[in-house]
Every structure is written in structure tokens, then in C-alpha cells.
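**Student:** Quick one: this structure, given as C-alpha cells, is what I'll be asking you about.
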Amino acid sequence: MPEESLLEDAIQPQRWFSTLPRPEYAALPKIETSEPWFEVYQLPGNVMALYEPGHFQEVISFLVLGSDKALLIDTGLGIANIRAVVEELTTLDVVVVNSHTHFDHIGDNHRFPCVHVYNHPHAIKRLGDGMEPDQLSVHLRGDSIWMPVPERFDPEAYRIPACRFATIEEGHLFDLGGRRLETLYTPGHSPDSIMLLDRENRLLFTGDTLYPAVLYAHLEGSAFHTYRKTMARIAELAPQLDRVYCSHNTPVHRPQFLIDAAAAFEAIAAGEADYKLDANGIRLYSFEGFAIATPDDERVLS
Ligand SMILES: [Zn+2]
């Protein structure tokens with residue numbers, strides 16, 4: 001049953017940044033770099049989180065270190081130079097992969113010689129075209145950015161250049177020397193979403209399919225039932241994991257989060273969850289520690 005109260009904006013509340021800094025970061029060792037736009041944290045399992053708290057998305061890219069190579073999972077917003085930061089953090093050769101091709105994960109792709117991406121027409125078009133200011137200006141509206149941006153970043157000219165890329169399939173292994181990450185195709189949030197599984201170290205990188213905030217199942221390209229099936233499949237991995245690393249707001253979560261999110265999708269599909277409607281016609285289903293945004297359309301959900 002819907003609750004009647006109408007939310008103004010389920011996705012980006014006014015003064016969203018008033019909740020920062022998030023307390024979870026106080027427990028993580030911080031690594032200083034020359035670029036204040038990024039906050040870098042050391043995570044368990046020889047992984048670094050490159051967090052961009054200055055923009056509403058609070059996106060997190062990950063640098064996973066092996067003995068021969070490092071894997072950079074996503075390249076952030078493209079507001080500051082992530083490649084320069086990565087080169088301060090490691091001398092290893094860096095392989096780059098996108099968890100999916102939403103703007104906040106591909107911003108600095110163009111600074112690298114090649115980016116791996118899931119073999120889907122949506123991803124191929126997005127990386128081949130790049131994104132122009134008219135597609136990106138919506139992401140700079142209002143109070144989207146609250147921290148000072150690097151001097152050379154011009155919000156008016158914000159664009160994401162096309163990049164060189166190589167496509168990967170389900171099961172593709174990134175061998176970094178002493179550790180391997182396996183590609184899982186996990187559509188739903190977007191049609192080109194992947195997760196990366198490090199079986200030996202019992203870690204799962206979830207991309208945008210799971211994080212502790214509003215999960216987007218309302219976007220063009222999102223698909224509620226596909227998302228639900230993905231979560232049901234991925235939740236089965238929980239007993240094999242010690243931690244899940246998520247791409248927004250805070251990085252480190254318990255594997256139980258996978259199970260809770262899968263149950264939430266099932267509850268929505270069964271018509272057993274309450275929601276609020278926002279002024280843009282988006283349903284917001286709230287759960288403990290996260291929420292799910294969907295279209296206001298029973299045909300999509302049931
Ligand atoms: Zn996304």
C-alpha cells in the first residue's frame with residue numbers, strides 16, 4: 001500500500017551533503033595524495049577506495065593490487081585526474097575496467113590507453129560516443145557539488161571524451177599476479193553492469209548494483225525484474241564472502257547486505273513493501289540501510 005505523503009525528490013534531497021563526513025570513514029586508514037578532490041582509503045585485502053565526496057554521487061572507484069598488475073575499477077567523475085592519483089598510489093601497470101557506463105564511473109576513461117567494459121551495445125555506444133555537456137549538465141545542477149573543484153575543471157564545459165576500449169564477457173578473468181578477479185554479468189541497474197569477484201580473498205565488488213543508498217531501478221536502461229533476478233543470484237554468493245565493496249557513499253559492507261537487498265526486491269515484486277511517491281513520479285521503497293527507486297507502474301513491478 002502506498003503512503004500518501006509526497007517526497008520532493010527521492011533521488012537528490014536538498015543539502016544532501018549535510019550528512020557528511022560519513023562516520024564509517026573514521027575507521028579506515030586514509031592515504032594522502034596531491035589531489036584533494038579524491039579521498040583515498042586503504043581497505044582490507046590490498047584494495048584502495050578512491051572516493052569523491054564533493055559531488056552528490058559520492059562515487060567510489062577501487063584500485064585492486066596484485067603482485068604484477070593493479071586493476072582500477074571505474075574512473076570516477078572526470079572532475080579531477082584519477083590517473084595522476086593512481087600513479088601516486090602504485091608503480092604497477094594498471095588495467096582498467098568499468099563496472100558499467102553511467103557517467104560517474106567513466107569520467108576519466110580517456111586518460112588510459114584501454115578500458116575493459118562488458119560486451120553490450122549500450123556500453124559500446126556510450127564509450128565510443130563519450131558524453132557532451134548537454135547530457136552532463138543535469139548532474140551539476142543546484143547543490144550537486146559542494147567542495148572546491150580543481151582549477152582546470154570548467155563546469156560549463158564538462159564532457160566525457162570517447163575512449164579506447166576492449167569488451168569482456170561473463171567469466172572474464174583479470175589475472176593481477178597472485179590474485180584473480182572474475183567478471184559476473186549483473187544487469188538490472190543498467191544493461192551493462194558487472195560485478196567483480198575475488199574468490200581467493202572472499203571479496204565482491206558490486207558496482208552500482210548494490211550500495212547503501214537509493215538503488216536505481218527507475219532509470220532508462222534499468223529493468224526491475226532483471227535487477228531482482230540478478231540480486232537473487234548474487235545473494236547466493238554471500239556464504240563465500242567476507243566483504244562486499246560498493247561503489248557509492250561507503251565502500252565496506254557485510255555479505256548479509258546481498259541477502260537483505262535480494263529480499264527487498266522480492267518484497268516489492270510481491271506487493272508487500274510500502275513506498276512513497278516523489279514529485280517526479282518515482283516510487284521510493286525504504287529499507288534498513290538502503291532504498292529502491294522504481295517507476296510508478298505496476299506493470300513494471302508485478
Ligand atoms: Zn550507475
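Identifiers in the C-alpha cells: chain A, B, ... in order shown; residue index from 1 per chain; ligand index from 1 in order shown.
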If you run DSSP on the backbone here, which positions in region 84-133 of chain A get strand (DSSP E)? Please write them as a PyMOL selection string.
**Tutor:** chain A and resi 93-97+115-118
**Student:** Among region 128-177 of chain A, which residues carry a DSSP assignment of alpha helix (DSSP H), reported as a list in words?
**Tutor:**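 Checking each residue of region 128-177 of chain A, the alpha helix (DSSP H) ones are Gly128, Asp129, Pro133, Asp134, Gln135 and Leu136 of chain A.
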**Student:** Under the rule that only C-alpha atoms and all ligand atoms are counted, which of A:Ser61, A:Thr186, A:Ser193, A:Thr90 is the nearest residue to ligand 1?
**Tutor:**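 Residue with the minimum atom-to-atom distance to ligand 1: A:Ser193.
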**Student:** Restricting the calculation to only C-alpha atoms and all ligand atoms: of A:His248, A:Arg126, A:Arg141, A:Arg111, which residue gets closest to ligand 1?
**Tutor:**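 Using only C-alpha atoms and all ligand atoms, the shortest distance to ligand 1 belongs to A:His248.
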**Student:** Using only C-alpha atoms and all ligand atoms, which residues of the polymer chains come no farther than 10 Å from ligand 1? I'd like the answer as a list of chain:residue names.
**Tutor:**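 Those within range of ligand 1 are A:Gln57, A:Val59, A:Ser99, A:His100, A:Thr101, A:His102, A:Phe103, A:Asp104, A:His105, A:His189, A:Ser190, A:Asp192, A:Ser193, A:Gly207, A:Asp208, A:Thr209, A:Leu210, A:Leu215, A:Tyr216, A:Ala217, A:Leu219, A:Ser222, A:Ser247, A:His248.
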**Student:** Please identify all polymer residues within 8 Å of region 251-261 of chain A, counting only C-alpha atoms, omitting same-chain residues fewer than 5 positions from it, and present them as a list in words.
**Tutor:**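 The residues satisfying every condition are Leu43, Ala49, Ile60, Leu210, Tyr211, Met231, Ala232, Ile234, Ala235, Glu236, Ala238, Pro239, Leu241, Asp242, Arg243, Val244, Tyr245 and Cys246 of chain A.
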**Student:** Can you tell me how far CA of Asp278 (chain A) sits from CA of Glu8 (chain A), in Å to one decimal?
**Tutor:** 5.4 Å
**Student:** Excluding Gly171 (chain A) and its own-chain neighbours fewer than 3 positions away, which residues fall within 9 Å of it when counting only C-alpha atoms? Please give them as a PyMOL selection string.
**Tutor:** chain A and resi 168+182-185
**Student:** Need to verify the contact set: region 63-74 of chain A, 6 Å, only C-alpha atoms, exclusion of same-chain residues closer than 2 positions in sequence. Can you return it as a list in words?
**Tutor:**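 So the residues in contact are Asn46, Val47, Met48, Ser61, Gly76, Leu92, Asp93, Val94, Val95, Val96, Val97, Asn98, His105, Leu176, Gly177, Gly178 and Arg179 of chain A.
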**Student:** Write out as a list in words the residues lying within 7 Å of Phe38 (chain A), counting only C-alpha atoms and excluding same-chain residues fewer than 6 positions away.
**Tutor:**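 With the cut-off at 7 Å, the set is Leu50, Tyr51 and Glu52 of chain A.
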**Student:** What does the file look like for those residues with N, CA and C atoms, as a short mmCIF file (atom, residue, chain, number, x, y, z; two decimals), in the first residue's frame?
**Tutor:**
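Okay, this is what ended up in selection30.cif:
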data_model
loop_
_atom_site.label_atom_id
_atom_site.label_comp_id
_atom_site.auth_asym_id
_atom_site.auth_seq_id
_atom_site.Cartn_x
_atom_site.Cartn_y
_atom_site.Cartn_z
N LEU A 50 38.95 5.07 -3.87
CA LEU A 50 39.16 6.45 -4.30
C LEU A 50 37.77 7.11 -4.35
N TYR A 51 37.51 7.87 -3.31
CA TYR A 51 36.16 8.37 -3.01
C TYR A 51 36.06 9.84 -3.41
N GLU A 52 34.93 10.22 -4.03
CA GLU A 52 34.73 11.61 -4.46
C GLU A 52 33.55 12.22 -3.69
#
**Student:** Near His110 (chain A), within 9 Å and counting only C-alpha atoms, which residues show up once chain neighbours fewer than 5 positions away are dropped, as a list in words?
**Tutor:**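 Neighbouring residues, sequence-local ones excluded: Val115, Ile160, Pro161, Ala162, Cys163 and Arg164 of chain A.
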**Student:** Let me see the file: selected residues, C-alpha atoms, as a CSV table (one decimal), in the first residue's frame.
**Tutor:**
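Done, and the output landed in selection39.csv:
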chain,number,residue,atom,x,y,z
A,115,VAL,CA,39.3,0.3,-20.8
A,160,ILE,CA,33.5,12.9,-21.1
A,161,PRO,CA,35.6,12.2,-24.2
A,162,ALA,CA,35.2,8.9,-26.1
A,163,CYS,CA,37.9,6.3,-25.1
A,164,ARG,CA,39.6,3.2,-26.5
**Student:** Hey, can you check how far CA of Ala279 (chain A) sits from CA of Phe17 (chain A)?
**Tutor:** 21.0 Å
**Student:** Can you work out which one of A:Glu58, A:Glu200, A:Glu298, A:Glu220 has the shortest atom-to-atom distance to Gly188 (chain A), counting only C-alpha atoms?
**Tutor:**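 Under the stated criterion, the closest residue is A:Glu220.
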**Student:** Report, in Å to a single decimal, how far apart CA of Asp9 (chain A) and CA of Pro21 (chain A) are.
**Tutor:**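 Going from CA of Pro21 (chain A) over to CA of Asp9 (chain A), I get 21.9 Å.
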**Student:** When distances are computed from only C-alpha atoms, which of A:Asn109, A:Thr91, A:Ser144, A:Asn81 shows the smallest separation from His55 (chain A)?
**Tutor:** A:Ser144
**Student:** Taking into account only C-alpha atoms, which residue in the set A:Gly289, A:Pro53, A:Gly142, A:Gly78 is nearest to Ala157 (chain A)?
**Tutor:**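 Among the listed residues, the smallest separation from Ala157 (chain A) belongs to A:Gly78.
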